Structure formats: structure tokens, C-alpha cells
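For reference, structure-v2.txt is printed below; it contains compact mmCIF, C-alpha atoms.
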# COMPACT_ATOMS: atom_id res chain seq x y z
CA MET A 1451 44.98 12.63 64.93
CA ALA A 1452 45.85 11.32 61.48
CA GLU A 1453 49.06 12.54 59.91
CA ARG A 1454 50.36 12.18 56.36
CA VAL A 1455 54.00 11.07 56.26
CA ILE A 1456 56.06 11.00 53.06
CA ILE A 1457 57.86 7.65 52.75
CA PRO A 1458 61.53 8.26 51.87
CA TYR A 1459 61.75 5.86 48.94
CA GLU A 1460 64.94 5.52 46.95
CA VAL A 1461 63.85 5.65 43.30
CA ARG A 1462 65.84 3.78 40.67
CA GLU A 1463 65.31 3.49 36.92
CA LYS A 1464 64.68 0.08 35.41
CA VAL A 1465 64.58 -0.98 31.75
CA SER A 1466 62.65 -4.15 30.86
CA ASP A 1467 61.53 -5.78 27.63
CA GLY A 1468 59.87 -8.87 26.25
CA VAL A 1469 58.60 -10.75 23.21
CA ILE A 1470 54.99 -11.88 23.17
CA GLU A 1471 54.00 -15.48 22.55
CA THR A 1472 50.47 -15.44 24.00
CA SER A 1473 50.01 -12.15 25.89
CA MET A 1474 52.04 -9.20 27.16
CA TYR A 1475 51.15 -10.18 30.72
CA GLU A 1476 52.54 -13.72 30.31
CA ALA A 1477 55.63 -12.41 28.51
CA ALA A 1478 56.31 -9.95 31.32
CA LEU A 1479 55.96 -12.57 34.05
CA GLY A 1480 58.24 -14.88 32.09
CA ALA A 1481 60.85 -12.11 31.99
CA GLY A 1482 60.61 -11.61 35.76
CA ILE A 1483 58.88 -8.22 35.51
CA ASP A 1484 56.72 -7.08 38.43
CA GLU A 1485 53.10 -7.63 37.32
CA ARG A 1486 52.17 -4.20 38.71
CA ALA A 1487 54.65 -2.61 36.29
CA ILE A 1488 53.29 -4.45 33.25
CA ILE A 1489 49.71 -3.53 34.21
CA GLY A 1490 50.91 0.08 34.37
CA LEU A 1491 52.40 -0.23 30.88
CA ALA A 1492 49.14 -1.68 29.53
CA GLU A 1493 47.28 1.28 31.03
CA VAL A 1494 49.62 3.70 29.25
CA PHE A 1495 48.87 2.08 25.87
CA GLN A 1496 45.18 1.33 26.50
CA TRP A 1497 44.05 4.03 24.02
CA SER A 1498 46.27 2.67 21.23
CA VAL A 1499 46.16 -1.12 21.62
CA ASP A 1500 43.33 -3.47 22.53
CA PHE A 1501 45.32 -6.08 24.45
CA ALA A 1502 42.56 -8.68 24.09
CA MET A 1503 42.23 -8.40 20.29
CA ASP A 1504 45.15 -6.53 18.71
CA VAL A 1505 48.16 -8.35 20.16
CA ARG A 1506 50.02 -10.74 17.84
CA LYS A 1507 52.66 -13.42 18.45
CA GLY A 1508 56.06 -11.79 17.96
CA ASP A 1509 54.96 -8.34 19.17
CA THR A 1510 57.57 -6.71 21.40
CA PHE A 1511 57.64 -4.21 24.23
CA LYS A 1512 60.34 -2.28 26.04
CA PHE A 1513 59.89 0.30 28.76
CA VAL A 1514 61.62 2.44 31.36
CA TYR A 1515 59.98 2.69 34.77
CA GLU A 1516 60.70 3.57 38.36
CA GLU A 1517 61.45 1.04 41.07
CA ARG A 1518 60.95 2.15 44.66
CA TYR A 1519 63.24 0.89 47.42
CA LEU A 1520 63.11 1.36 51.18
CA ASP A 1521 66.18 0.63 53.29
CA GLY A 1522 67.70 -1.13 50.29
CA GLU A 1523 64.71 -3.46 49.80
CA TYR A 1524 62.53 -3.37 46.67
CA ILE A 1525 58.98 -2.34 47.53
CA MET A 1526 57.04 -1.53 44.36
CA PRO A 1527 57.21 -0.08 40.85
CA GLY A 1528 56.58 3.63 40.33
CA ARG A 1529 55.78 5.68 37.24
CA ILE A 1530 56.18 4.41 33.70
CA LEU A 1531 58.66 6.92 32.25
CA ALA A 1532 58.72 5.71 28.65
CA GLY A 1533 57.37 2.81 26.65
CA LYS A 1534 57.59 1.28 23.18
CA PHE A 1535 55.16 -1.34 21.88
CA VAL A 1536 55.51 -2.91 18.43
CA ASN A 1537 52.14 -4.35 17.40
CA ASP A 1538 52.04 -6.28 14.12
CA GLY A 1539 54.83 -4.05 12.75
CA THR A 1540 53.32 -0.76 13.95
CA VAL A 1541 55.42 1.09 16.53
CA PHE A 1542 53.75 2.94 19.39
CA TYR A 1543 55.69 5.24 21.74
CA ALA A 1544 54.63 6.86 24.99
CA PHE A 1545 56.65 9.27 27.16
CA ASN A 1546 55.70 10.67 30.53
CA TRP A 1547 55.74 14.48 30.66
CA GLN A 1548 54.23 17.29 32.68
CA GLU A 1549 53.90 20.59 30.90
CA PRO A 1550 54.98 23.73 32.77
CA GLY A 1551 51.99 25.05 34.67
CA ALA A 1552 49.94 21.85 34.24
CA ASP A 1553 48.41 20.25 37.33
CA LYS A 1554 49.19 16.68 36.25
CA ASP A 1555 51.40 14.71 33.91
CA GLY A 1556 50.39 12.75 30.83
CA TYR A 1557 51.73 10.52 28.09
CA TYR A 1558 52.72 11.68 24.61
CA ASP A 1559 54.23 10.15 21.48
CA GLU A 1560 57.57 11.12 19.94
CA GLN A 1561 55.99 14.10 18.14
CA GLY A 1562 54.32 15.40 21.30
CA ALA A 1563 50.77 14.27 20.47
CA SER A 1564 48.79 12.91 23.40
CA VAL A 1565 48.43 9.12 23.39
CA GLN A 1566 45.22 9.55 25.37
CA LYS A 1567 42.16 9.67 23.11
CA ILE A 1568 38.64 10.79 23.97
CA PHE A 1569 37.55 7.13 24.24
CA LEU A 1570 39.18 3.95 25.54
CA LYS A 1571 39.64 1.09 23.08
CA ALA A 1572 37.40 -1.21 25.16
CA PRO A 1573 34.96 -0.60 28.03
CA VAL A 1574 35.62 -3.88 29.85
CA ALA A 1575 38.30 -6.55 30.39
CA TYR A 1576 36.77 -9.26 28.20
CA LYS A 1577 37.43 -12.83 27.07
CA TYR A 1578 36.37 -12.40 23.45
CA ILE A 1579 33.87 -10.58 21.23
CA SER A 1580 30.81 -12.80 21.16
CA SER A 1581 28.87 -10.78 18.60
CA GLY A 1582 30.04 -8.04 16.25
CA PHE A 1583 28.42 -5.01 14.65
CA THR A 1584 25.96 -5.73 11.85
CA THR A 1585 23.25 -3.76 10.08
CA GLY A 1586 21.40 -6.95 9.10
CA ARG A 1587 19.00 -8.92 11.27
CA ARG A 1588 19.96 -12.00 13.29
CA TYR A 1589 17.80 -14.73 14.78
CA ILE A 1590 18.06 -15.37 18.52
CA GLN A 1591 16.73 -18.88 19.07
CA ALA A 1592 16.51 -18.58 22.87
CA PHE A 1593 13.93 -15.79 22.50
CA ASP A 1594 12.55 -16.69 19.05
CA ILE A 1595 13.11 -13.18 17.71
CA SER A 1596 15.04 -11.54 14.88
CA THR A 1597 16.80 -8.28 15.60
CA GLY A 1598 19.61 -6.06 14.36
CA HIS A 1599 22.86 -5.77 16.29
CA ARG A 1600 24.43 -2.34 15.89
CA ALA A 1601 26.74 -2.96 18.83
CA ILE A 1602 29.71 -4.95 20.07
CA ASP A 1603 29.12 -7.76 22.58
CA TYR A 1604 32.04 -8.37 24.94
CA ALA A 1605 31.90 -11.75 26.68
CA ALA A 1606 33.16 -11.39 30.25
CA ALA A 1607 32.66 -12.98 33.64
CA ALA A 1608 29.62 -11.85 35.63
CA GLY A 1609 30.58 -9.03 37.96
CA THR A 1610 33.45 -7.73 35.80
CA PRO A 1611 33.64 -3.91 36.18
CA ILE A 1612 32.42 -1.89 33.19
CA ARG A 1613 34.25 1.39 32.52
CA ALA A 1614 33.07 4.62 30.98
CA VAL A 1615 35.03 4.94 27.74
CA GLY A 1616 35.18 8.71 28.11
CA ASP A 1617 34.22 11.67 30.28
CA GLY A 1618 30.55 12.58 30.22
CA THR A 1619 27.18 12.75 31.95
CA VAL A 1620 24.91 9.80 32.73
CA VAL A 1621 21.68 10.50 30.82
CA PHE A 1622 20.06 7.12 31.56
CA ALA A 1623 20.54 4.50 34.28
CA GLY A 1624 17.69 2.04 34.60
CA TRP A 1625 15.79 -0.86 33.08
CA ASP A 1626 15.27 -0.70 29.31
CA ASN A 1627 13.30 -3.74 28.14
CA GLY A 1628 15.57 -6.03 26.07
CA TYR A 1629 18.66 -4.14 27.19
CA GLY A 1630 18.02 -5.04 30.82
CA ARG A 1631 19.96 -2.78 33.17
CA LYS A 1632 21.44 -0.09 30.94
CA VAL A 1633 23.54 3.05 31.33
CA SER A 1634 23.82 5.77 28.67
CA ILE A 1635 26.54 8.43 28.80
CA ARG A 1636 26.49 11.64 26.75
CA HIS A 1637 30.09 12.65 26.08
CA ASN A 1638 29.56 15.75 23.94
CA GLU A 1639 27.32 17.04 21.17
CA THR A 1640 28.62 14.26 18.89
CA TYR A 1641 28.88 11.03 20.90
CA THR A 1642 26.79 8.99 23.33
CA THR A 1643 27.65 5.46 24.49
CA ASN A 1644 25.32 2.76 25.83
CA TYR A 1645 26.17 -0.15 28.14
CA ALA A 1646 23.58 -2.92 28.58
CA HIS A 1647 22.73 -6.22 30.34
CA MET A 1648 24.41 -5.03 33.57
CA SER A 1649 24.03 -7.00 36.78
CA LYS A 1650 24.06 -3.78 38.82
CA PHE A 1651 24.79 -0.07 38.53
CA ALA A 1652 27.64 1.97 39.98
CA VAL A 1653 26.31 5.37 38.80
CA SER A 1654 23.01 7.20 38.70
CA TYR A 1655 21.13 9.57 36.38
CA GLY A 1656 22.71 13.01 36.05
CA GLN A 1657 26.07 11.96 37.48
CA LYS A 1658 29.29 13.24 35.92
CA VAL A 1659 31.76 10.44 35.14
CA LYS A 1660 35.42 10.33 34.16
CA GLN A 1661 37.10 8.16 31.57
CA GLY A 1662 37.88 4.75 33.05
CA GLN A 1663 35.43 5.13 35.95
CA THR A 1664 33.44 2.02 36.88
CA ILE A 1665 29.79 2.59 35.93
CA GLY A 1666 28.41 -0.90 36.50
CA TYR A 1667 29.11 -4.62 36.36
CA VAL A 1668 28.72 -7.30 33.71
CA GLY A 1669 25.52 -9.31 33.93
CA SER A 1670 22.90 -11.05 31.81
CA THR A 1671 19.75 -9.00 32.31
CA GLY A 1672 17.16 -8.39 29.58
CA LEU A 1673 17.37 -10.36 26.32
CA SER A 1674 20.67 -12.05 27.09
CA THR A 1675 21.76 -15.70 27.00
CA GLY A 1676 24.88 -15.30 29.14
CA PRO A 1677 27.10 -12.73 30.91
CA HIS A 1678 28.38 -10.08 28.52
CA LEU A 1679 28.45 -6.35 27.88
CA HIS A 1680 26.38 -5.03 24.99
CA TYR A 1681 28.19 -1.81 24.00
CA GLU A 1682 26.88 0.82 21.58
CA MET A 1683 28.41 4.00 20.24
CA VAL A 1684 26.03 6.64 18.90
CA LYS A 1685 27.29 9.48 16.67
CA PHE A 1686 24.91 12.32 15.80
CA GLY A 1687 22.01 10.05 16.77
CA THR A 1688 23.10 7.06 14.64
CA LYS A 1689 24.61 3.84 16.00
CA ILE A 1690 28.06 3.26 14.52
CA ASN A 1691 30.70 0.53 14.74
CA PRO A 1692 33.00 1.61 17.62
CA LEU A 1693 35.80 -0.65 16.35
CA ARG A 1694 36.00 1.32 13.10
CA GLU A 1695 35.63 4.84 14.43
CA VAL A 1696 38.87 6.85 14.18
CA LEU A 1697 39.05 9.02 17.28
CA PRO A 1698 41.18 12.15 17.69
CA PRO A 1699 43.89 12.24 20.38
CA GLY A 1700 43.78 14.45 23.42
CA GLU A 1701 45.45 17.84 23.62
CA ALA A 1702 49.01 17.92 22.27
CA ILE A 1703 51.99 19.58 23.92
CA LYS A 1704 51.96 23.34 23.43
CA GLU A 1705 54.26 24.59 20.70
CA GLU A 1706 56.31 26.70 23.12
CA ASN A 1707 57.11 23.53 25.14
CA LYS A 1708 58.01 21.26 22.21
CA GLU A 1709 61.76 21.94 22.36
CA ALA A 1710 61.92 21.15 26.08
CA TYR A 1711 59.88 17.99 25.50
CA VAL A 1712 62.16 16.75 22.71
CA GLN A 1713 65.17 17.25 24.97
CA HIS A 1714 63.38 15.46 27.82
CA ILE A 1715 62.59 12.32 25.81
CA GLN A 1716 65.88 12.05 23.91
CA GLY A 1717 67.66 9.91 26.50
CA LEU A 1718 64.55 7.85 27.22
CA LYS A 1719 64.00 7.10 23.54
CA GLU A 1720 67.60 5.90 23.18
CA LYS A 1721 67.00 3.45 26.04
CA ILE A 1722 63.91 1.88 24.49
CA ASP A 1723 65.22 1.92 20.91

Encoded form (C-alpha cells):
Amino acid sequence: MAERVIIPYEVREKVSDGVIETSMYEAALGAGIDERAIIGLAEVFQWSVDFAMDVRKGDTFKFVYEERYLDGEYIMPGRILAGKFVNDGTVFYAFNWQEPGADKDGYYDEQGASVQKIFLKAPVAYKYISSGFTTGRRYIQAFDISTGHRAIDYAAAAGTPIRAVGDGTVVFAGWDNGYGRKVSIRHNETYTTNYAHMSKFAVSYGQKVKQGQTIGYVGSTGLSTGPHLHYEMVKFGTKINPLREVLPPGEAIKEENKEAYVQHIQGLKEKID
């Protein structure tokens, strides 16, 4: 019979920092930081910073996180407790906190606003943006057609997982002519997002999905000249530029818990400042 056993880790706090030359990942490895910890930090800031496009040389990061030890030997990193990322002069903070009565923790800025927004900054880990949003027409020589491009094309390796940018319901999952294999997700009465040229699906029509969930994989189906994700954001029925849309944050800390939160982050903020 299977049995769940709690591993008696010794948890220690660790403070690490770095200066970016090419990427946060490379800077972290150069500073001897466990790559699992830096991936965790990137996940904390994934709603605020697009680490493929926004990062600049000279950007800095500093964070406090748990290290787990067993019998005196380091095993793995734990939770990110606090983080600070300075991106092109703009400072982003994130502090781990669980409100009284809440069933899970979250990350909030220094004022107590949630750093988690309704949509992720990017739906896929990509190499570069191969085609941007335009309302004009463009000529595609490979297919001898002219067409508009109210979308963002993310160049990525075939088979790269594609993530739902937000919670919602799959309202289409099938073949759609030039789009090839396409998934559409209705998030609310305002927004729908479309993901096209997939190699295969990971969801089906009518399925509920969560933000960050894999919904399919990068391919080159339909009118496509190479592996990439064609990503559309639709607002009130009109395709908009997702890179320019200002999205509201998630639910902030309740007013009655603000004082306790400020006290909680005071020491952490001193460590990363």
C-alpha cells in the first residue's frame, strides 16, 4: 500500500543576486545559482517581464529563496520568498504571501497589488518575434497571397509547449484552413485568444483550462513557412495588439490584511534593497 511520507528537510534562507549581460539565466549560472531557483524567479515575474524581449544589458536581480537540506546536504531550492528585478530602470518587486483564510499563497508588490495578471506576457518560450501586429496587408511569396496580420508570430522550435495565457474555456480546437491546427480560448465576456499552426493539440473543445496550462505544441500547419506560434488576442470581437494591451492585475490583498502584509515584507525588502 502506498504511503505519503513528509521528508524532514532543513530549510535555510538564501539571498542571491546578479547583473545581466545576455540573459538572467546566464547571469544566474555565472553567479553559481541553482538553475531551478532562477527558473522559479522567472516564473514569479512572468506577468511583468517578457524575458525574451524586455531584458536589457545591465538589468539586475536580487532575491530571497529557500534552500532545502537533508542530513546536512543541499537537495533543492524551495519557495521564492521575495524578489526584485530592475528592468531598464523600472523596478519590479514580488513578495510571497498567503492571506488568512486563503487556500494558497501568491505574489504581491510592495503596495499589496497582485503581480499576477489575467494574462501571461507570452504564450510560449520563443526565440524571437518573426512577425509583428499590423493592420496593413503583407505579401507571402511562398503562397503567393497578400493578407493582413493582426497577430504576433513567435518563432520557436517544433514541439515547444504552448501555454494558455489565462483561465478560460476552449471554444475551438481543430483545423481552420490557413491557421492549420488552431485552439481558441474564451476567457471572459471581453477577451478570447487564438493559437495557430500547432503540430498537435493538448486540449479539446469545451475543456476548462488554467493559466499556464499546455494546450498544444508549436508546429507549421496551414499557411506557414516554418515552426512558429501565430497568437491572436480578440477584445469585444476585434483583434488587438497583445503587446500593447494594458491588463489589470489579479486580486489585491484585502484592506484588513494590509498592515500584517507590510510587517511581513519589511525584513524581506531590506534584504533585497

Tell me which of A:Ala1532, A:Val1633, A:Leu1693, A:Ala1572 sits closest to Thr1619 of chain A, counting all atoms listed in the file.
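Once distances to Thr1619 of chain A are computed over all atoms listed in the file, the minimum belongs to A:Val1633.
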
List every residue of segment 1559-1664 of chain A that has an atom at most 9 Å from any atom of segment 1700-1719 of chain A, giving for each one its closest atom pair and the distance in Å to one decimal, counting all atoms listed in the file, sorted by chain and then by ascending residue number, as CSV.
residue,atom,partner,partner_atom,distance
A:Glu1560,CA,A:Val1712,CA,7.8
A:Gln1561,CA,A:Val1712,CA,8.1
A:Gly1562,CA,A:Ile1703,CA,5.5
A:Ala1563,CA,A:Ala1702,CA,4.4
A:Ser1564,CA,A:Ala1702,CA,5.1
A:Val1565,CA,A:Gly1700,CA,7.1
A:Gln1566,CA,A:Gly1700,CA,5.5
A:Lys1567,CA,A:Gly1700,CA,5.1
A:Ile1568,CA,A:Gly1700,CA,6.3

For Met1526 of chain A, find every residue with an atom within 9 Å (counting all atoms listed in the file), except residues of its own chain fewer than 5 positions away, and show them as number ranges by chain.
A: 1484, 1486-1487, 1516-1519

Thr1610 of chain A surroundings by all atoms listed in the file, 6 Å radius, close-in-sequence under 2 positions cut, as a list in words:
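Listing them by chain and then by number gives Ala1607, Ala1608, Tyr1667 and Val1668 of chain A.
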
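The gap separating atom CA of Asn1537 of chain A from atom CA of Gly1508 of chain A is 8.4 Å, in Å to one decimal.
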